[in-house]
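Peer 1: Pasting a structure here, questions to come.
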Amino acid sequence: MSFQHGISVTEVASAARSLAIVATGVIGLVATGPAADAAAFPLDTRVKIAPSGIVDAIAKAGATGTLKAALQAIATHVRTPIVLIRVASGVDEAATDANVIAGIQMLRGAEAQLGLKPRILGAPGLDTEDVADELAAVAKDLRAFAYARCHGADTAARIAYRENFDQRELMLLYPDFLMESGTDIVASPSVAHAMGMRARIDQEQGWNKTLSNVPIEGVVGMTEDVHFDFQSVDTEANQLNEAGITTIVAINGSLRFWGNRTCADPASDTGKDFVFESATRTAQVLADTCALGLIWAIDKQMNPGLARDIIEQINELFRKLARPGAAQMILGAEAWFDADANPIENLKAGKLLIRYKYTPVPPLENLLLRQEITDEYLADFAELVALAA
């Protein structure tokens with residue numbers, strides 16, 4: 001080192017902090033598999049299936065229970081991380097429900113144990129009313145989204161069943177799909193396909209695109225017929241959608257989920273803003289992205305500069321998400337410091353409140369076209385004949 005009597009300044013480039021969008025495509029699956037490989041899938045244990053490992057997982061799932069069918073359905077659409085919890089079948093439905101509910105509750109600890117936070121939840125083929133309630137409760141805690149089957153012998157019964165739920169984190173589906181299995185055609189749970197499609201849509205289009213109206217590959221039919229005509233309100237599909245039940249329809253030769261709505265109560269103050277799947281997921285993604293991305297600020301000296309840095313970091317995220325174009329994720333948002341919400345006693349106690357507001361992108365659920373017949377284009381008929389000569 002050379003001698004110096006003075007000051008040396010070394011300039012180091014430092015990247016600005018930015019908020020990284022949280023991962024949304026991680027599946028949380030609860031299933032039964034009595035003949036599954038117990039070493040690969042021990043009972044009541046959180047197991048991570050990597051995107052590249054799902055084919056091997058299917059081979060080890062066994063032929064009985066719900067595990068193999070669920071993994072096959074998911075694999076038809078996507079390669080994504082899966083948190084699997086295999087539970088035992090009970091001696092009756094109540095006992096099985098208890099096991100499944102306990103497995104769903106285990107999803108809460110997946111991030112701490114496996115480093116994965118499940119965002120898409122389901123228990124395909126096991127989703128009774130009690131199980132669906134638990135899926136919604138855990139989804140709320142994880143800021144995740146859950147899918148469950150809608151039960152009922154007819155349309156009226158299905159609509160009545162839907163009225164048992166009011167959770168914005170839950171979507172009900174009816175009916176199931178049919179898939180080829182060797183030379184046979186077998187039923188395949190729509191919930192598992194929804195989980196796979198949700199992760200795929202997240203990857204290809206974004207978390208603010210709903211499940212609805214995306215062609216579904218690898219399926220050959222539905223377990224029940226659903227009357228549908230998108231130019232008519234008097235169809236079973238429309239009745240189900242109006243009640244907040246997502247169904248399956250055929251358009252241009254492909255089967256698609258048809259429905260955007262959660263189980264949120266559109267008449268309630270807490271539910272009216274979250275009737276669309278996209279609104280719920282936008283709220284979840286923004287909440288977790290802002291919270292996790294601002295961990296660096298906790299325990300820093302709380303001065304005005306820190307408050308400004310936090311606000312600017314949030315607004316930078318909002319500008320990125322609201323940028324016009326095909327990838328626009330929100331219509332607009334803004335974060336700010338509200339002096340009235342930050343009294344001196346709170347600031348003195350180390351509490352800082354930053355407010356922000358946002359507008360999610362709603363799905364185009366109802367396109368209105370007005371068709372009108374007119375004779376105005378006959379007015380210049382003679383002139384047009386002359387021009388055509």
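Lettering and numbering for the structure tokens are positional, with chains as A, B, ... in the shown order, residues counted from 1 in each chain, and ligands counted from 1 in the shown order.
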Could you please write out, as a PyMOL selection string, every residue of region 159-377 of chain A that DSSP assigns to strand (DSSP E)?
Peer 2: chain A and resi 170-173+177-181+184-188+221-222+245-251+254-258+330-337+354-360
Peer 1: Within 9 Å of region 348-363 of chain A, counting only C-alpha atoms, which residues show up once you throw out same-chain ones fewer than 3 positions away? Write them as a VMD selection string, please.
Peer 2: chain A and resid 208 to 210 260 276 278 to 279 282 to 283 299 302 307 310 to 311 314 to 315 318 328 to 338 341 to 345 366
Peer 1: Can you pull out the residues contacting region 34-49 of chain A? Cut-off 9 Å, using only C-alpha atoms, and skip same-chain residues under 6 positions away; I want them as a ChimeraX atom specification.
Peer 2: /A:57,59-65,67-68,80-89,99,102-103,106-107,109-110,113-114,116
Peer 1: Write out, as a PDB file, in the first residue's frame, the residues just selected, with N, CA and C atoms.
Peer 2:
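See selection15.pdb below for the written result:
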ATOM      1  N   ALA A  57     -43.109 -38.417 -10.053  1.00  0.00           N
ATOM      2  CA  ALA A  57     -44.086 -38.447  -8.963  1.00  0.00           C
ATOM      3  C   ALA A  57     -45.328 -39.231  -9.378  1.00  0.00           C
ATOM      4  N   ALA A  59     -45.421 -41.691 -11.446  1.00  0.00           N
ATOM      5  CA  ALA A  59     -45.050 -43.105 -11.448  1.00  0.00           C
ATOM      6  C   ALA A  59     -45.050 -43.702 -10.041  1.00  0.00           C
ATOM      7  N   LYS A  60     -44.815 -42.870  -9.027  1.00  0.00           N
ATOM      8  CA  LYS A  60     -44.756 -43.350  -7.647  1.00  0.00           C
ATOM      9  C   LYS A  60     -46.056 -43.126  -6.878  1.00  0.00           C
ATOM     10  N   ALA A  61     -47.089 -42.596  -7.563  1.00  0.00           N
ATOM     11  CA  ALA A  61     -48.318 -42.215  -6.869  1.00  0.00           C
ATOM     12  C   ALA A  61     -49.221 -43.384  -6.537  1.00  0.00           C
ATOM     13  N   GLY A  62     -49.047 -44.509  -7.216  1.00  0.00           N
ATOM     14  CA  GLY A  62     -49.942 -45.636  -6.985  1.00  0.00           C
ATOM     15  C   GLY A  62     -51.230 -45.479  -7.770  1.00  0.00           C
ATOM     16  N   ALA A  63     -51.951 -46.576  -7.933  1.00  0.00           N
ATOM     17  CA  ALA A  63     -53.140 -46.581  -8.781  1.00  0.00           C
ATOM     18  C   ALA A  63     -54.412 -46.227  -8.035  1.00  0.00           C
ATOM     19  N   THR A  64     -54.371 -46.199  -6.711  1.00  0.00           N
ATOM     20  CA  THR A  64     -55.588 -45.941  -5.936  1.00  0.00           C
ATOM     21  C   THR A  64     -55.514 -44.578  -5.260  1.00  0.00           C
ATOM     22  N   GLY A  65     -56.668 -44.133  -4.783  1.00  0.00           N
ATOM     23  CA  GLY A  65     -56.731 -42.825  -4.145  1.00  0.00           C
ATOM     24  C   GLY A  65     -56.843 -41.705  -5.178  1.00  0.00           C
ATOM     25  N   LEU A  67     -54.334 -39.219  -5.640  1.00  0.00           N
ATOM     26  CA  LEU A  67     -53.054 -38.585  -5.936  1.00  0.00           C
ATOM     27  C   LEU A  67     -52.679 -38.672  -7.411  1.00  0.00           C
ATOM     28  N   LYS A  68     -52.740 -39.869  -7.982  1.00  0.00           N
ATOM     29  CA  LYS A  68     -52.280 -40.046  -9.363  1.00  0.00           C
ATOM     30  C   LYS A  68     -53.121 -39.214 -10.327  1.00  0.00           C
ATOM     31  N   THR A  80     -44.657 -26.941 -12.644  1.00  0.00           N
ATOM     32  CA  THR A  80     -44.576 -25.907 -11.610  1.00  0.00           C
ATOM     33  C   THR A  80     -44.290 -26.575 -10.273  1.00  0.00           C
ATOM     34  N   PRO A  81     -43.719 -25.878  -9.305  1.00  0.00           N
ATOM     35  CA  PRO A  81     -43.488 -26.502  -7.993  1.00  0.00           C
ATOM     36  C   PRO A  81     -44.803 -26.896  -7.317  1.00  0.00           C
ATOM     37  N   ILE A  82     -44.787 -28.044  -6.672  1.00  0.00           N
ATOM     38  CA  ILE A  82     -45.972 -28.536  -5.955  1.00  0.00           C
ATOM     39  C   ILE A  82     -45.569 -28.896  -4.527  1.00  0.00           C
ATOM     40  N   VAL A  83     -46.360 -28.429  -3.580  1.00  0.00           N
ATOM     41  CA  VAL A  83     -46.241 -28.892  -2.199  1.00  0.00           C
ATOM     42  C   VAL A  83     -47.331 -29.933  -1.995  1.00  0.00           C
ATOM     43  N   LEU A  84     -46.927 -31.178  -1.794  1.00  0.00           N
ATOM     44  CA  LEU A  84     -47.871 -32.287  -1.670  1.00  0.00           C
ATOM     45  C   LEU A  84     -47.937 -32.767  -0.230  1.00  0.00           C
ATOM     46  N   ILE A  85     -49.164 -33.004   0.217  1.00  0.00           N
ATOM     47  CA  ILE A  85     -49.371 -33.653   1.507  1.00  0.00           C
ATOM     48  C   ILE A  85     -50.287 -34.846   1.273  1.00  0.00           C
ATOM     49  N   ARG A  86     -49.742 -36.036   1.440  1.00  0.00           N
ATOM     50  CA  ARG A  86     -50.539 -37.258   1.276  1.00  0.00           C
ATOM     51  C   ARG A  86     -51.142 -37.641   2.612  1.00  0.00           C
ATOM     52  N   VAL A  87     -52.448 -37.857   2.606  1.00  0.00           N
ATOM     53  CA  VAL A  87     -53.146 -38.224   3.835  1.00  0.00           C
ATOM     54  C   VAL A  87     -53.801 -39.582   3.649  1.00  0.00           C
ATOM     55  N   ALA A  88     -54.177 -40.183   4.754  1.00  0.00           N
ATOM     56  CA  ALA A  88     -54.797 -41.505   4.713  1.00  0.00           C
ATOM     57  C   ALA A  88     -56.307 -41.380   4.529  1.00  0.00           C
ATOM     58  N   SER A  89     -56.878 -42.348   3.826  1.00  0.00           N
ATOM     59  CA  SER A  89     -58.332 -42.439   3.750  1.00  0.00           C
ATOM     60  C   SER A  89     -58.861 -42.947   5.083  1.00  0.00           C
ATOM     61  N   ASN A  99     -58.837 -36.120   8.152  1.00  0.00           N
ATOM     62  CA  ASN A  99     -57.457 -36.279   7.680  1.00  0.00           C
ATOM     63  C   ASN A  99     -57.101 -35.225   6.635  1.00  0.00           C
ATOM     64  N   ALA A 102     -56.677 -31.808   8.222  1.00  0.00           N
ATOM     65  CA  ALA A 102     -55.381 -31.720   8.906  1.00  0.00           C
ATOM     66  C   ALA A 102     -54.256 -31.522   7.888  1.00  0.00           C
ATOM     67  N   GLY A 103     -54.378 -32.184   6.736  1.00  0.00           N
ATOM     68  CA  GLY A 103     -53.374 -32.001   5.696  1.00  0.00           C
ATOM     69  C   GLY A 103     -53.381 -30.588   5.130  1.00  0.00           C
ATOM     70  N   MET A 106     -51.568 -28.205   7.227  1.00  0.00           N
ATOM     71  CA  MET A 106     -50.109 -28.328   7.145  1.00  0.00           C
ATOM     72  C   MET A 106     -49.513 -27.449   6.052  1.00  0.00           C
ATOM     73  N   LEU A 107     -50.335 -27.008   5.111  1.00  0.00           N
ATOM     74  CA  LEU A 107     -49.818 -26.135   4.054  1.00  0.00           C
ATOM     75  C   LEU A 107     -49.296 -24.821   4.621  1.00  0.00           C
ATOM     76  N   GLY A 109     -47.281 -24.332   6.997  1.00  0.00           N
ATOM     77  CA  GLY A 109     -45.872 -24.403   7.360  1.00  0.00           C
ATOM     78  C   GLY A 109     -44.943 -24.739   6.207  1.00  0.00           C
ATOM     79  N   ALA A 110     -45.477 -24.787   4.981  1.00  0.00           N
ATOM     80  CA  ALA A 110     -44.660 -25.221   3.847  1.00  0.00           C
ATOM     81  C   ALA A 110     -43.514 -24.265   3.554  1.00  0.00           C
ATOM     82  N   GLN A 113     -40.619 -24.832   5.994  1.00  0.00           N
ATOM     83  CA  GLN A 113     -39.954 -26.127   5.886  1.00  0.00           C
ATOM     84  C   GLN A 113     -39.352 -26.382   4.507  1.00  0.00           C
ATOM     85  N   LEU A 114     -40.067 -25.967   3.450  1.00  0.00           N
ATOM     86  CA  LEU A 114     -39.637 -26.293   2.089  1.00  0.00           C
ATOM     87  C   LEU A 114     -39.172 -25.092   1.288  1.00  0.00           C
ATOM     88  N   LEU A 116     -41.191 -22.960  -0.010  1.00  0.00           N
ATOM     89  CA  LEU A 116     -42.230 -22.715  -1.005  1.00  0.00           C
ATOM     90  C   LEU A 116     -43.507 -22.282  -0.306  1.00  0.00           C
TER      91      LEU A 116
END
Peer 1: Per residue of region 122-154 of chain A within 12 Å of region 27-30 of chain A, note the shortest atom pair and the distance in Å to one decimal, counting only C-alpha atoms, and order the rows by chain and increasing residue number, as CSV.
Peer 2:
residue,atom,partner,partner_atom,distance
A:Gly122,CA,A:Leu29,CA,5.5
A:Ala123,CA,A:Val30,CA,4.8
A:Pro124,CA,A:Val30,CA,7.8
A:Gly125,CA,A:Val30,CA,9.9
A:Leu126,CA,A:Val30,CA,8.6
A:Asp127,CA,A:Val30,CA,9.9
A:Val131,CA,A:Val30,CA,10.5
A:Ala132,CA,A:Val30,CA,11.9
A:Glu134,CA,A:Val30,CA,11.8
A:Leu135,CA,A:Val30,CA,10.0
A:Val138,CA,A:Gly28,CA,10.6
A:Ala139,CA,A:Gly28,CA,9.9
A:Leu142,CA,A:Gly28,CA,10.7
A:Ala144,CA,A:Gly28,CA,9.4
A:Phe145,CA,A:Ile27,CA,9.7
A:Ala146,CA,A:Gly28,CA,9.2
A:Tyr147,CA,A:Leu29,CA,10.7
A:Ala148,CA,A:Leu29,CA,11.8
Peer 1: Could those residues be written to a file, using C-alpha atoms, as an mmCIF file, in the first residue's frame?
Peer 2:
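This went into out-v6.cif:
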data_model
loop_
_atom_site.group_PDB
_atom_site.id
_atom_site.type_symbol
_atom_site.label_atom_id
_atom_site.label_comp_id
_atom_site.auth_asym_id
_atom_site.auth_seq_id
_atom_site.Cartn_x
_atom_site.Cartn_y
_atom_site.Cartn_z
ATOM 1 C CA GLY A 122 -56.972 -27.846 -3.731
ATOM 2 C CA ALA A 123 -57.892 -31.364 -2.618
ATOM 3 C CA PRO A 124 -59.362 -32.775 -5.854
ATOM 4 C CA GLY A 125 -61.870 -35.560 -5.301
ATOM 5 C CA LEU A 126 -61.887 -34.974 -1.547
ATOM 6 C CA ASP A 127 -63.475 -31.520 -1.430
ATOM 7 C CA VAL A 131 -62.973 -29.459 3.251
ATOM 8 C CA ALA A 132 -63.846 -26.522 0.980
ATOM 9 C CA GLU A 134 -60.912 -25.282 5.328
ATOM 10 C CA LEU A 135 -59.302 -24.705 1.940
ATOM 11 C CA VAL A 138 -56.023 -21.601 4.806
ATOM 12 C CA ALA A 139 -56.031 -19.749 1.479
ATOM 13 C CA LEU A 142 -51.582 -17.759 2.948
ATOM 14 C CA ALA A 144 -53.608 -17.963 -1.811
ATOM 15 C CA PHE A 145 -56.540 -19.076 -3.957
ATOM 16 C CA ALA A 146 -58.476 -22.339 -3.599
ATOM 17 C CA TYR A 147 -60.618 -24.377 -5.964
ATOM 18 C CA ALA A 148 -63.287 -26.888 -4.927
#
Peer 1: Skipping near chain neighbours, those fewer than 4 positions away, what residues fall within 12 Å of Ile295 (chain A) using only C-alpha atoms, listed as a list in words?
Peer 2: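 Answer for this query is Arg17, Ser18, Leu19, Asp288, Thr289, Cys290, Ala291, Asp299, Lys300 and Ile310 of chain A.
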Peer 1: Would you list, as JSON, numbers by chain, the residues of region 87-256 of chain A that end up in helix (DSSP H, G or I) under DSSP run on this structure's backbone?
Peer 2: {"A": [93, 94, 95, 96, 97, 98, 99, 100, 101, 102, 103, 104, 105, 106, 107, 108, 109, 110, 111, 112, 113, 114, 129, 130, 131, 132, 133, 134, 135, 136, 137, 138, 139, 140, 141, 142, 155, 156, 157, 158, 159, 160, 161, 162, 190, 191, 192, 193, 194, 195, 196, 197, 198, 199, 200, 201, 202, 203, 204, 236, 237, 238, 239, 240, 241, 242]}
Peer 1: Report, in Å with one decimal, the straight-line distance from CA of Leu71 (chain A) to CA of Thr262 (chain A).
Peer 2: 24.1 Å
Peer 1: With only C-alpha atoms as the basis for distance, which of A:Asp340, A:Gln313, A:Met222, A:His151 is at the shortest distance from Gly293 (chain A)?
Peer 2: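 For Gly293 (chain A), the nearest of the given residues is A:Gln313.
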